[in-house]
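Participant: Please see the structure below; I have some questions.
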Amino acid sequence: MALIADGLTYTYGAGTSFSVPALDGVRLTVGRGELVVVAGTTGSGKSTLLRLLAGVLAPTGGSATVDGVPTTAPSARGRVALVFQNPEAQFFAETVLADVSFGPRNLGAGDPGAVAREALAQVGLDPEAFAPRSPFTLSGGEARRVAIAGALAMRAPYVLLDEPTAGLDRAGRQAVLASIAAERERAGVVVVTHDPAEVLAAADRVIALARGAVAFAGTVPELLAGYAAYEGAGLRLPDVVRAQLLAIERGAPVKRVEFEPERAAAVLADARGAES
Ligand SMILES: Nc1ncnc2c1ncn2[C@@H]1O[C@H](COP(=O)(O)OP(=O)(O)OP(=O)(O)O)[C@@H](O)[C@H]1O
Ligand SMILES: [Mg+2]
């Protein structure tokens with residue numbers, strides 16, 4: 001039981017004179033309960049990968065399967081929820097409540113309204129205030145969170161989020177990160193991000209794309225042990241992590257790399273104490 005990309009390849013406009021190769025032989029497995037972070041520079045193929053994993057696009061080569069069936073098959077319906085990079089593009093209903101409850105209603109949930117309200121609360125939006133609003137009047141950060149609530153409300157076994165924290169303030173980011181952590185308890189979660197600092201600490205695996213191909217794939221400890229391929233893909237580890245890795249390179253006895261500034265400071269101070 002997993003969401004699997006095997007030799008996944010996609011070319012936009014394949015067979016036409018304006019074809020654009022976007023993904024080339026990507027392998028990836030996401031099990032339920034796992035959090036996989038997909039990083040990569042602009043145009044590296046991250047959103048294309050999510051569209052294929054969600055069955056919005058069909059591969060031009062290789063396969064994308066969810067629990068053994070192609071993601072584009074009718075029986076895959078409801079198994080993968082995708083939050084697009086541009087959340088406004090997803091809205092269609094007159095109210096936030098109608099929009100967020102569309103998925104659960106369509107999938108036959110018992111009380112779609114209750115599921116939708118719960119999903120709104122999960123992303124830190126007050127259901128009473130937001131349910132009656134028009135989705136087209138929301139601020140950018142509110143719109144992103146409503147789009148995420150719409151995906152969470154589907155209670156799909158796999159949830160894909162394309163840049164879920166882009167444009168959010170600190171409180172919004174924390175609400176979204178908390179809902180990702182909660183989702184991961186029951187679903188396989190894939191998060192696409194330019195800036196993986198916030199999600200890296202919690203990730204089971206990281207893949208970095210460069211020009212549509214996998215430049216790095218591994219666990220976070222593997223990434224910290226050898227990040228040349230990752231940085232070769234045009235990415236950079238979070239500054240707080242780099243500071244500790246640089247200290248290690250200079251011989252500091254850092255026992256454990258931390259992702260939070262406060263903890264990182266404690267680790268560096270301890271290492272300094274051990275040296276003197
Ligand atoms: N609808 C489309 N038609 C033609 N080419 C496309 C289309 N969508 C994406 N591409 C191209 O495919 C490649 C991968 O695009 P994709 O959107 O997957 O990148 P990305 O990694 O998500 O980038 P970003 O970080 O900017 O969101 C790019 O070269 C892009 O120009
Ligand atoms: Mg994208």
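Following the order of the structure tokens, chains are lettered A, B, ..., residues in each are numbered from 1, and ligands are numbered from 1.
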Throw together the list of residues within 8 Å of ligand 2, counting only C-alpha atoms and all ligand atoms, and drop it here as an MDAnalysis selection string.

Facilitator: chainID A and resid 42:43 45:48 85 162:163 192

Participant: For the selection just defined, write its residues with N, CA and C atoms to a file, as a compact mmCIF listing (two decimals), in the first residue's frame.

Facilitator:
# COMPACT_ATOMS: atom_id res chain seq x y z
N THR A 42 13.12 26.47 -9.29
CA THR A 42 12.02 26.80 -10.20
C THR A 42 12.15 26.04 -11.52
N GLY A 43 11.06 25.42 -11.93
CA GLY A 43 11.05 24.72 -13.22
C GLY A 43 11.68 23.33 -13.19
N GLY A 45 10.39 20.63 -11.98
CA GLY A 45 9.42 19.57 -12.21
C GLY A 45 8.59 19.18 -11.01
N LYS A 46 8.67 19.94 -9.92
CA LYS A 46 7.99 19.57 -8.68
C LYS A 46 6.47 19.52 -8.86
N SER A 47 5.90 20.58 -9.42
CA SER A 47 4.44 20.61 -9.58
C SER A 47 3.99 19.55 -10.58
N THR A 48 4.80 19.33 -11.60
CA THR A 48 4.46 18.29 -12.58
C THR A 48 4.41 16.92 -11.90
N GLN A 85 -0.43 24.73 -6.28
CA GLN A 85 0.47 25.82 -5.91
C GLN A 85 -0.29 27.15 -5.87
N ASP A 162 1.46 21.52 -2.61
CA ASP A 162 2.43 22.24 -3.44
C ASP A 162 2.70 23.61 -2.82
N GLU A 163 3.83 23.76 -2.19
CA GLU A 163 4.23 25.03 -1.53
C GLU A 163 3.17 25.50 -0.53
N VAL A 192 5.83 19.80 -1.36
CA VAL A 192 6.75 20.43 -2.29
C VAL A 192 7.12 21.80 -1.74

Participant: Among segment 10-230 of chain A, which residues carry a DSSP assignment of helix (DSSP H, G or I), reported as a PDB file with N, CA and C atoms, in the first residue's frame?

Facilitator:
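Once written, states.pdb looks like this:
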ATOM      1  N   LYS A  46       8.674  19.944  -9.921  1.00  0.00           N
ATOM      2  CA  LYS A  46       7.987  19.575  -8.675  1.00  0.00           C
ATOM      3  C   LYS A  46       6.465  19.524  -8.863  1.00  0.00           C
ATOM      4  N   SER A  47       5.901  20.580  -9.417  1.00  0.00           N
ATOM      5  CA  SER A  47       4.438  20.607  -9.579  1.00  0.00           C
ATOM      6  C   SER A  47       3.987  19.550 -10.576  1.00  0.00           C
ATOM      7  N   THR A  48       4.796  19.326 -11.601  1.00  0.00           N
ATOM      8  CA  THR A  48       4.462  18.286 -12.583  1.00  0.00           C
ATOM      9  C   THR A  48       4.413  16.924 -11.901  1.00  0.00           C
ATOM     10  N   LEU A  49       5.378  16.673 -11.018  1.00  0.00           N
ATOM     11  CA  LEU A  49       5.395  15.403 -10.280  1.00  0.00           C
ATOM     12  C   LEU A  49       4.100  15.240  -9.471  1.00  0.00           C
ATOM     13  N   LEU A  50       3.682  16.291  -8.783  1.00  0.00           N
ATOM     14  CA  LEU A  50       2.447  16.189  -7.986  1.00  0.00           C
ATOM     15  C   LEU A  50       1.227  15.956  -8.878  1.00  0.00           C
ATOM     16  N   ARG A  51       1.185  16.635 -10.029  1.00  0.00           N
ATOM     17  CA  ARG A  51       0.026  16.442 -10.924  1.00  0.00           C
ATOM     18  C   ARG A  51      -0.061  14.993 -11.393  1.00  0.00           C
ATOM     19  N   LEU A  52       1.094  14.384 -11.656  1.00  0.00           N
ATOM     20  CA  LEU A  52       1.107  12.980 -12.088  1.00  0.00           C
ATOM     21  C   LEU A  52       0.720  12.057 -10.930  1.00  0.00           C
ATOM     22  N   LEU A  53       1.235  12.359  -9.731  1.00  0.00           N
ATOM     23  CA  LEU A  53       0.920  11.518  -8.570  1.00  0.00           C
ATOM     24  C   LEU A  53      -0.565  11.619  -8.207  1.00  0.00           C
ATOM     25  N   PRO A  74     -10.272   5.385 -12.747  1.00  0.00           N
ATOM     26  CA  PRO A  74     -11.462   5.790 -11.995  1.00  0.00           C
ATOM     27  C   PRO A  74     -11.445   5.260 -10.555  1.00  0.00           C
ATOM     28  N   SER A  75     -10.899   4.069 -10.354  1.00  0.00           N
ATOM     29  CA  SER A  75     -10.904   3.505  -8.994  1.00  0.00           C
ATOM     30  C   SER A  75      -9.896   4.213  -8.081  1.00  0.00           C
ATOM     31  N   ALA A  76      -9.061   5.090  -8.629  1.00  0.00           N
ATOM     32  CA  ALA A  76      -8.121   5.853  -7.794  1.00  0.00           C
ATOM     33  C   ALA A  76      -8.786   7.109  -7.227  1.00  0.00           C
ATOM     34  N   PRO A  87      -3.715  28.413  -5.088  1.00  0.00           N
ATOM     35  CA  PRO A  87      -4.966  27.904  -4.516  1.00  0.00           C
ATOM     36  C   PRO A  87      -6.215  28.526  -5.130  1.00  0.00           C
ATOM     37  N   GLU A  88      -6.130  29.794  -5.535  1.00  0.00           N
ATOM     38  CA  GLU A  88      -7.315  30.454  -6.088  1.00  0.00           C
ATOM     39  C   GLU A  88      -7.863  29.694  -7.295  1.00  0.00           C
ATOM     40  N   ALA A  89      -6.959  29.056  -8.025  1.00  0.00           N
ATOM     41  CA  ALA A  89      -7.374  28.340  -9.235  1.00  0.00           C
ATOM     42  C   ALA A  89      -8.308  27.183  -8.910  1.00  0.00           C
ATOM     43  N   GLN A  90      -8.319  26.784  -7.623  1.00  0.00           N
ATOM     44  CA  GLN A  90      -9.082  25.610  -7.224  1.00  0.00           C
ATOM     45  C   GLN A  90     -10.530  25.938  -6.831  1.00  0.00           C
ATOM     46  N   VAL A  96     -17.153  29.416   1.239  1.00  0.00           N
ATOM     47  CA  VAL A  96     -16.027  28.596   1.699  1.00  0.00           C
ATOM     48  C   VAL A  96     -16.543  27.226   2.144  1.00  0.00           C
ATOM     49  N   LEU A  97     -17.680  27.221   2.872  1.00  0.00           N
ATOM     50  CA  LEU A  97     -18.209  25.943   3.368  1.00  0.00           C
ATOM     51  C   LEU A  97     -18.546  25.008   2.199  1.00  0.00           C
ATOM     52  N   ALA A  98     -19.203  25.559   1.165  1.00  0.00           N
ATOM     53  CA  ALA A  98     -19.572  24.729   0.012  1.00  0.00           C
ATOM     54  C   ALA A  98     -18.316  24.213  -0.692  1.00  0.00           C
ATOM     55  N   ASP A  99     -17.310  25.065  -0.756  1.00  0.00           N
ATOM     56  CA  ASP A  99     -16.080  24.665  -1.431  1.00  0.00           C
ATOM     57  C   ASP A  99     -15.363  23.541  -0.679  1.00  0.00           C
ATOM     58  N   VAL A 100     -15.201  23.738   0.640  1.00  0.00           N
ATOM     59  CA  VAL A 100     -14.438  22.765   1.429  1.00  0.00           C
ATOM     60  C   VAL A 100     -15.232  21.465   1.602  1.00  0.00           C
ATOM     61  N   SER A 101     -16.576  21.551   1.619  1.00  0.00           N
ATOM     62  CA  SER A 101     -17.365  20.325   1.817  1.00  0.00           C
ATOM     63  C   SER A 101     -17.632  19.588   0.504  1.00  0.00           C
ATOM     64  N   PHE A 102     -17.192  20.170  -0.622  1.00  0.00           N
ATOM     65  CA  PHE A 102     -17.452  19.514  -1.914  1.00  0.00           C
ATOM     66  C   PHE A 102     -16.825  18.118  -1.975  1.00  0.00           C
ATOM     67  N   GLY A 103     -15.547  18.033  -1.572  1.00  0.00           N
ATOM     68  CA  GLY A 103     -14.842  16.736  -1.631  1.00  0.00           C
ATOM     69  C   GLY A 103     -15.545  15.680  -0.802  1.00  0.00           C
ATOM     70  N   PRO A 104     -15.741  15.938   0.518  1.00  0.00           N
ATOM     71  CA  PRO A 104     -16.408  14.918   1.339  1.00  0.00           C
ATOM     72  C   PRO A 104     -17.819  14.581   0.852  1.00  0.00           C
ATOM     73  N   ARG A 105     -18.558  15.587   0.344  1.00  0.00           N
ATOM     74  CA  ARG A 105     -19.916  15.306  -0.148  1.00  0.00           C
ATOM     75  C   ARG A 105     -19.848  14.370  -1.351  1.00  0.00           C
ATOM     76  N   ASN A 106     -18.928  14.694  -2.262  1.00  0.00           N
ATOM     77  CA  ASN A 106     -18.750  13.921  -3.484  1.00  0.00           C
ATOM     78  C   ASN A 106     -18.331  12.488  -3.193  1.00  0.00           C
ATOM     79  N   PRO A 112     -20.864  16.099   5.487  1.00  0.00           N
ATOM     80  CA  PRO A 112     -19.807  16.862   4.807  1.00  0.00           C
ATOM     81  C   PRO A 112     -19.564  18.235   5.437  1.00  0.00           C
ATOM     82  N   GLY A 113     -20.639  18.874   5.944  1.00  0.00           N
ATOM     83  CA  GLY A 113     -20.492  20.193   6.559  1.00  0.00           C
ATOM     84  C   GLY A 113     -19.625  20.123   7.814  1.00  0.00           C
ATOM     85  N   ALA A 114     -19.865  19.104   8.629  1.00  0.00           N
ATOM     86  CA  ALA A 114     -19.086  18.956   9.859  1.00  0.00           C
ATOM     87  C   ALA A 114     -17.623  18.663   9.539  1.00  0.00           C
ATOM     88  N   VAL A 115     -17.405  17.811   8.527  1.00  0.00           N
ATOM     89  CA  VAL A 115     -16.025  17.489   8.127  1.00  0.00           C
ATOM     90  C   VAL A 115     -15.323  18.758   7.650  1.00  0.00           C
ATOM     91  N   ALA A 116     -16.053  19.580   6.886  1.00  0.00           N
ATOM     92  CA  ALA A 116     -15.465  20.812   6.343  1.00  0.00           C
ATOM     93  C   ALA A 116     -15.114  21.785   7.473  1.00  0.00           C
ATOM     94  N   ARG A 117     -16.005  21.930   8.447  1.00  0.00           N
ATOM     95  CA  ARG A 117     -15.732  22.844   9.562  1.00  0.00           C
ATOM     96  C   ARG A 117     -14.517  22.383  10.354  1.00  0.00           C
ATOM     97  N   GLU A 118     -14.430  21.081  10.530  1.00  0.00           N
ATOM     98  CA  GLU A 118     -13.292  20.529  11.263  1.00  0.00           C
ATOM     99  C   GLU A 118     -11.982  20.815  10.503  1.00  0.00           C
ATOM    100  N   ALA A 119     -12.031  20.670   9.181  1.00  0.00           N
ATOM    101  CA  ALA A 119     -10.832  20.914   8.367  1.00  0.00           C
ATOM    102  C   ALA A 119     -10.427  22.391   8.419  1.00  0.00           C
ATOM    103  N   LEU A 120     -11.416  23.285   8.441  1.00  0.00           N
ATOM    104  CA  LEU A 120     -11.107  24.718   8.552  1.00  0.00           C
ATOM    105  C   LEU A 120     -10.415  25.003   9.880  1.00  0.00           C
ATOM    106  N   ALA A 121     -10.958  24.412  10.954  1.00  0.00           N
ATOM    107  CA  ALA A 121     -10.347  24.627  12.266  1.00  0.00           C
ATOM    108  C   ALA A 121      -8.922  24.072  12.279  1.00  0.00           C
ATOM    109  N   GLN A 122      -8.735  22.957  11.586  1.00  0.00           N
ATOM    110  CA  GLN A 122      -7.420  22.310  11.562  1.00  0.00           C
ATOM    111  C   GLN A 122      -6.343  23.227  10.971  1.00  0.00           C
ATOM    112  N   PRO A 127     -14.203  28.412  11.776  1.00  0.00           N
ATOM    113  CA  PRO A 127     -15.251  27.961  10.846  1.00  0.00           C
ATOM    114  C   PRO A 127     -16.447  28.912  10.810  1.00  0.00           C
ATOM    115  N   GLU A 128     -16.825  29.483  11.982  1.00  0.00           N
ATOM    116  CA  GLU A 128     -18.010  30.363  12.003  1.00  0.00           C
ATOM    117  C   GLU A 128     -17.782  31.593  11.132  1.00  0.00           C
ATOM    118  N   ALA A 129     -16.580  32.147  11.219  1.00  0.00           N
ATOM    119  CA  ALA A 129     -16.285  33.375  10.471  1.00  0.00           C
ATOM    120  C   ALA A 129     -16.102  33.101   8.983  1.00  0.00           C
ATOM    121  N   PHE A 130     -15.493  31.970   8.641  1.00  0.00           N
ATOM    122  CA  PHE A 130     -15.106  31.764   7.249  1.00  0.00           C
ATOM    123  C   PHE A 130     -16.105  30.957   6.423  1.00  0.00           C
ATOM    124  N   PRO A 135     -15.176  32.404  -1.370  1.00  0.00           N
ATOM    125  CA  PRO A 135     -13.745  32.091  -1.432  1.00  0.00           C
ATOM    126  C   PRO A 135     -12.958  33.110  -2.266  1.00  0.00           C
ATOM    127  N   PHE A 136     -13.672  33.830  -3.124  1.00  0.00           N
ATOM    128  CA  PHE A 136     -12.983  34.769  -4.020  1.00  0.00           C
ATOM    129  C   PHE A 136     -12.665  36.097  -3.338  1.00  0.00           C
ATOM    130  N   THR A 137     -13.147  36.274  -2.081  1.00  0.00           N
ATOM    131  CA  THR A 137     -12.862  37.512  -1.355  1.00  0.00           C
ATOM    132  C   THR A 137     -11.780  37.315  -0.304  1.00  0.00           C
ATOM    133  N   GLY A 140      -4.684  36.299   0.342  1.00  0.00           N
ATOM    134  CA  GLY A 140      -3.844  35.222  -0.208  1.00  0.00           C
ATOM    135  C   GLY A 140      -3.598  34.109   0.804  1.00  0.00           C
ATOM    136  N   GLY A 141      -3.242  34.496   2.033  1.00  0.00           N
ATOM    137  CA  GLY A 141      -2.940  33.497   3.065  1.00  0.00           C
ATOM    138  C   GLY A 141      -4.188  32.731   3.492  1.00  0.00           C
ATOM    139  N   GLU A 142      -5.325  33.425   3.548  1.00  0.00           N
ATOM    140  CA  GLU A 142      -6.579  32.738   3.893  1.00  0.00           C
ATOM    141  C   GLU A 142      -6.945  31.758   2.778  1.00  0.00           C
ATOM    142  N   ALA A 143      -6.785  32.198   1.534  1.00  0.00           N
ATOM    143  CA  ALA A 143      -7.133  31.346   0.386  1.00  0.00           C
ATOM    144  C   ALA A 143      -6.296  30.070   0.400  1.00  0.00           C
ATOM    145  N   ARG A 144      -5.017  30.229   0.708  1.00  0.00           N
ATOM    146  CA  ARG A 144      -4.155  29.049   0.728  1.00  0.00           C
ATOM    147  C   ARG A 144      -4.627  28.074   1.793  1.00  0.00           C
ATOM    148  N   ARG A 145      -4.991  28.613   2.935  1.00  0.00           N
ATOM    149  CA  ARG A 145      -5.407  27.718   4.026  1.00  0.00           C
ATOM    150  C   ARG A 145      -6.764  27.074   3.732  1.00  0.00           C
ATOM    151  N   VAL A 146      -7.663  27.802   3.070  1.00  0.00           N
ATOM    152  CA  VAL A 146      -8.954  27.200   2.693  1.00  0.00           C
ATOM    153  C   VAL A 146      -8.717  26.068   1.682  1.00  0.00           C
ATOM    154  N   ALA A 147      -7.796  26.294   0.746  1.00  0.00           N
ATOM    155  CA  ALA A 147      -7.489  25.245  -0.244  1.00  0.00           C
ATOM    156  C   ALA A 147      -6.937  24.007   0.459  1.00  0.00           C
ATOM    157  N   ILE A 148      -6.079  24.228   1.453  1.00  0.00           N
ATOM    158  CA  ILE A 148      -5.526  23.096   2.205  1.00  0.00           C
ATOM    159  C   ILE A 148      -6.646  22.386   2.967  1.00  0.00           C
ATOM    160  N   ALA A 149      -7.550  23.175   3.570  1.00  0.00           N
ATOM    161  CA  ALA A 149      -8.688  22.565   4.285  1.00  0.00           C
ATOM    162  C   ALA A 149      -9.510  21.700   3.330  1.00  0.00           C
ATOM    163  N   GLY A 150      -9.692  22.164   2.102  1.00  0.00           N
ATOM    164  CA  GLY A 150     -10.450  21.395   1.105  1.00  0.00           C
ATOM    165  C   GLY A 150      -9.824  20.035   0.844  1.00  0.00           C
ATOM    166  N   ALA A 151      -8.499  19.995   0.829  1.00  0.00           N
ATOM    167  CA  ALA A 151      -7.808  18.712   0.603  1.00  0.00           C
ATOM    168  C   ALA A 151      -7.888  17.839   1.851  1.00  0.00           C
ATOM    169  N   LEU A 152      -7.710  18.451   3.016  1.00  0.00           N
ATOM    170  CA  LEU A 152      -7.763  17.668   4.258  1.00  0.00           C
ATOM    171  C   LEU A 152      -9.141  17.054   4.455  1.00  0.00           C
ATOM    172  N   ARG A 170       3.754  33.894  10.167  1.00  0.00           N
ATOM    173  CA  ARG A 170       4.249  32.879  11.094  1.00  0.00           C
ATOM    174  C   ARG A 170       3.117  32.025  11.675  1.00  0.00           C
ATOM    175  N   ALA A 171       2.033  32.689  12.099  1.00  0.00           N
ATOM    176  CA  ALA A 171       0.913  31.940  12.697  1.00  0.00           C
ATOM    177  C   ALA A 171       0.300  31.009  11.649  1.00  0.00           C
ATOM    178  N   GLY A 172       0.159  31.499  10.420  1.00  0.00           N
ATOM    179  CA  GLY A 172      -0.406  30.683   9.350  1.00  0.00           C
ATOM    180  C   GLY A 172       0.490  29.491   9.040  1.00  0.00           C
ATOM    181  N   ARG A 173       1.792  29.736   9.008  1.00  0.00           N
ATOM    182  CA  ARG A 173       2.731  28.639   8.734  1.00  0.00           C
ATOM    183  C   ARG A 173       2.641  27.592   9.818  1.00  0.00           C
ATOM    184  N   GLN A 174       2.570  28.074  11.064  1.00  0.00           N
ATOM    185  CA  GLN A 174       2.522  27.105  12.161  1.00  0.00           C
ATOM    186  C   GLN A 174       1.245  26.280  12.123  1.00  0.00           C
ATOM    187  N   ALA A 175       0.129  26.917  11.772  1.00  0.00           N
ATOM    188  CA  ALA A 175      -1.134  26.171  11.684  1.00  0.00           C
ATOM    189  C   ALA A 175      -1.038  25.116  10.579  1.00  0.00           C
ATOM    190  N   VAL A 176      -0.460  25.503   9.445  1.00  0.00           N
ATOM    191  CA  VAL A 176      -0.355  24.556   8.326  1.00  0.00           C
ATOM    192  C   VAL A 176       0.618  23.429   8.669  1.00  0.00           C
ATOM    193  N   LEU A 177       1.737  23.779   9.312  1.00  0.00           N
ATOM    194  CA  LEU A 177       2.706  22.733   9.678  1.00  0.00           C
ATOM    195  C   LEU A 177       2.097  21.773  10.694  1.00  0.00           C
ATOM    196  N   ALA A 178       1.293  22.299  11.618  1.00  0.00           N
ATOM    197  CA  ALA A 178       0.636  21.431  12.600  1.00  0.00           C
ATOM    198  C   ALA A 178      -0.364  20.517  11.899  1.00  0.00           C
ATOM    199  N   SER A 179      -1.069  21.043  10.883  1.00  0.00           N
ATOM    200  CA  SER A 179      -2.041  20.182  10.204  1.00  0.00           C
ATOM    201  C   SER A 179      -1.322  19.140   9.343  1.00  0.00           C
ATOM    202  N   ILE A 180      -0.151  19.477   8.821  1.00  0.00           N
ATOM    203  CA  ILE A 180       0.636  18.472   8.081  1.00  0.00           C
ATOM    204  C   ILE A 180       1.066  17.359   9.036  1.00  0.00           C
ATOM    205  N   ALA A 181       1.515  17.740  10.232  1.00  0.00           N
ATOM    206  CA  ALA A 181       1.938  16.731  11.216  1.00  0.00           C
ATOM    207  C   ALA A 181       0.764  15.832  11.590  1.00  0.00           C
ATOM    208  N   ALA A 182      -0.430  16.421  11.716  1.00  0.00           N
ATOM    209  CA  ALA A 182      -1.610  15.627  12.078  1.00  0.00           C
ATOM    210  C   ALA A 182      -2.001  14.697  10.924  1.00  0.00           C
ATOM    211  N   GLU A 183      -1.946  15.198   9.699  1.00  0.00           N
ATOM    212  CA  GLU A 183      -2.297  14.387   8.523  1.00  0.00           C
ATOM    213  C   GLU A 183      -1.388  13.183   8.398  1.00  0.00           C
ATOM    214  N   ARG A 184      -0.141  13.424   8.692  1.00  0.00           N
ATOM    215  CA  ARG A 184       0.859  12.382   8.549  1.00  0.00           C
ATOM    216  C   ARG A 184       0.573  11.187   9.467  1.00  0.00           C
ATOM    217  N   ALA A 197      13.286  24.388   5.036  1.00  0.00           N
ATOM    218  CA  ALA A 197      13.730  24.518   6.431  1.00  0.00           C
ATOM    219  C   ALA A 197      12.667  24.034   7.415  1.00  0.00           C
ATOM    220  N   GLU A 198      11.417  24.439   7.182  1.00  0.00           N
ATOM    221  CA  GLU A 198      10.379  24.163   8.172  1.00  0.00           C
ATOM    222  C   GLU A 198       9.957  22.705   8.226  1.00  0.00           C
ATOM    223  N   VAL A 199       9.994  22.032   7.101  1.00  0.00           N
ATOM    224  CA  VAL A 199       9.481  20.660   7.069  1.00  0.00           C
ATOM    225  C   VAL A 199      10.579  19.605   7.131  1.00  0.00           C
ATOM    226  N   LEU A 200      11.817  20.032   6.900  1.00  0.00           N
ATOM    227  CA  LEU A 200      12.914  19.073   6.812  1.00  0.00           C
ATOM    228  C   LEU A 200      13.066  18.245   8.088  1.00  0.00           C
ATOM    229  N   VAL A 220      16.828  12.247   6.062  1.00  0.00           N
ATOM    230  CA  VAL A 220      17.452  13.496   6.523  1.00  0.00           C
ATOM    231  C   VAL A 220      18.875  13.233   7.035  1.00  0.00           C
ATOM    232  N   PRO A 221      19.111  12.176   7.842  1.00  0.00           N
ATOM    233  CA  PRO A 221      20.508  11.906   8.241  1.00  0.00           C
ATOM    234  C   PRO A 221      21.416  11.679   7.031  1.00  0.00           C
ATOM    235  N   GLU A 222      20.906  11.011   5.996  1.00  0.00           N
ATOM    236  CA  GLU A 222      21.714  10.824   4.773  1.00  0.00           C
ATOM    237  C   GLU A 222      22.000  12.167   4.101  1.00  0.00           C
ATOM    238  N   LEU A 223      21.002  13.031   4.117  1.00  0.00           N
ATOM    239  CA  LEU A 223      21.183  14.354   3.521  1.00  0.00           C
ATOM    240  C   LEU A 223      22.262  15.137   4.274  1.00  0.00           C
ATOM    241  N   LEU A 224      22.215  15.064   5.604  1.00  0.00           N
ATOM    242  CA  LEU A 224      23.194  15.823   6.398  1.00  0.00           C
ATOM    243  C   LEU A 224      24.594  15.247   6.234  1.00  0.00           C
ATOM    244  N   ALA A 225      24.664  13.923   6.001  1.00  0.00           N
ATOM    245  CA  ALA A 225      25.976  13.282   5.872  1.00  0.00           C
ATOM    246  C   ALA A 225      26.639  13.599   4.538  1.00  0.00           C
ATOM    247  N   ALA A 228      26.262  17.275  -1.003  1.00  0.00           N
ATOM    248  CA  ALA A 228      26.807  17.851  -2.242  1.00  0.00           C
ATOM    249  C   ALA A 228      25.809  17.721  -3.395  1.00  0.00           C
ATOM    250  N   ALA A 229      25.164  16.551  -3.505  1.00  0.00           N
ATOM    251  CA  ALA A 229      24.209  16.349  -4.605  1.00  0.00           C
ATOM    252  C   ALA A 229      23.020  17.287  -4.455  1.00  0.00           C
ATOM    253  N   TYR A 230      22.614  17.497  -3.213  1.00  0.00           N
ATOM    254  CA  TYR A 230      21.489  18.380  -2.916  1.00  0.00           C
ATOM    255  C   TYR A 230      21.845  19.813  -3.307  1.00  0.00           C
TER     256      TYR A 230
END

Participant: Please list as a PyMOL selection string every residue within 6 Å of segment 20-29 of chain A, counting only C-alpha atoms and excluding residues in the same chain fewer than 2 positions away.

Facilitator: chain A and resi 3-12+45+212-213

Participant: Keeping only C-alpha atoms, write the selected residues to a file as a PDB file, in the first residue's frame.

Facilitator:
ATOM      1  CA  LEU A   3       1.894   5.901  -3.694  1.00  0.00           C
ATOM      2  CA  ILE A   4       4.599   4.974  -6.178  1.00  0.00           C
ATOM      3  CA  ALA A   5       6.333   6.709  -9.061  1.00  0.00           C
ATOM      4  CA  ASP A   6       8.374   4.328 -11.170  1.00  0.00           C
ATOM      5  CA  GLY A   7      10.445   5.708 -14.017  1.00  0.00           C
ATOM      6  CA  LEU A   8       7.927   8.524 -14.109  1.00  0.00           C
ATOM      7  CA  THR A   9       8.414  10.697 -17.183  1.00  0.00           C
ATOM      8  CA  TYR A  10       6.363  13.556 -18.548  1.00  0.00           C
ATOM      9  CA  THR A  11       6.685  15.857 -21.541  1.00  0.00           C
ATOM     10  CA  TYR A  12       4.228  18.733 -21.999  1.00  0.00           C
ATOM     11  CA  GLY A  45       9.418  19.567 -12.212  1.00  0.00           C
ATOM     12  CA  GLY A 212      13.119  16.855 -14.027  1.00  0.00           C
ATOM     13  CA  ALA A 213      15.421  14.158 -12.652  1.00  0.00           C
TER      14      ALA A 213
END

Participant: What's around Asp195 of chain A at 10 Å? Count only C-alpha atoms, leave out sequence neighbours fewer than 6 positions away in its own chain, and write the answer as a list of chain:residue names.

Facilitator: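 Residues meeting the cut-off are A:Ala39, A:Gly40, A:Thr41, A:Glu163, A:Thr165, A:Ala166, A:Leu235, A:Arg236, A:Leu237, A:Pro238.
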
Participant: Could you give me, as a PyMOL selection string, each residue of segment 10-215 of chain A that DSSP assigns to strand (DSSP E or B) when run on this structure's backbone?

Facilitator: chain A and resi 10-12+20-31+35-40+61-66+69-70+80-83+158-162+188-193+205-210+213-215

Participant: Considering only C-alpha atoms, can you say which of A:Ala2, A:Thr219, A:Pro253, A:Leu268 comes closest to Val241 of chain A?

Facilitator: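 Selected residue with least distance to Val241 of chain A: A:Leu268.
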
Participant: Nearest to Ser139 of chain A among A:Val56, A:Leu35, A:Leu168, A:Ala217, with distances taken over only C-alpha atoms: which residue is it?

Facilitator: A:Leu168

Participant: Set the distance at 12 Å and use only C-alpha atoms: which residues neighbour Ala243 of chain A once local chain neighbours fewer than 5 positions away are removed? I'd like the list as a list in words.

Facilitator: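 Here the qualifying residues turn out to be Leu224, Arg236, Leu237, Pro238, Ile248, Glu249, Arg250, Ala252, Val254, Val257, Glu258, Phe259, Glu260, Pro261, Ala264, Ala265, Val267 and Leu268 of chain A.
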
Participant: Just give me the gap between atom CA of Leu107 of chain A and atom CA of Leu160 of chain A in Å, one decimal is fine.

Facilitator: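 That distance, rounded to one decimal, is 17.9 Å.
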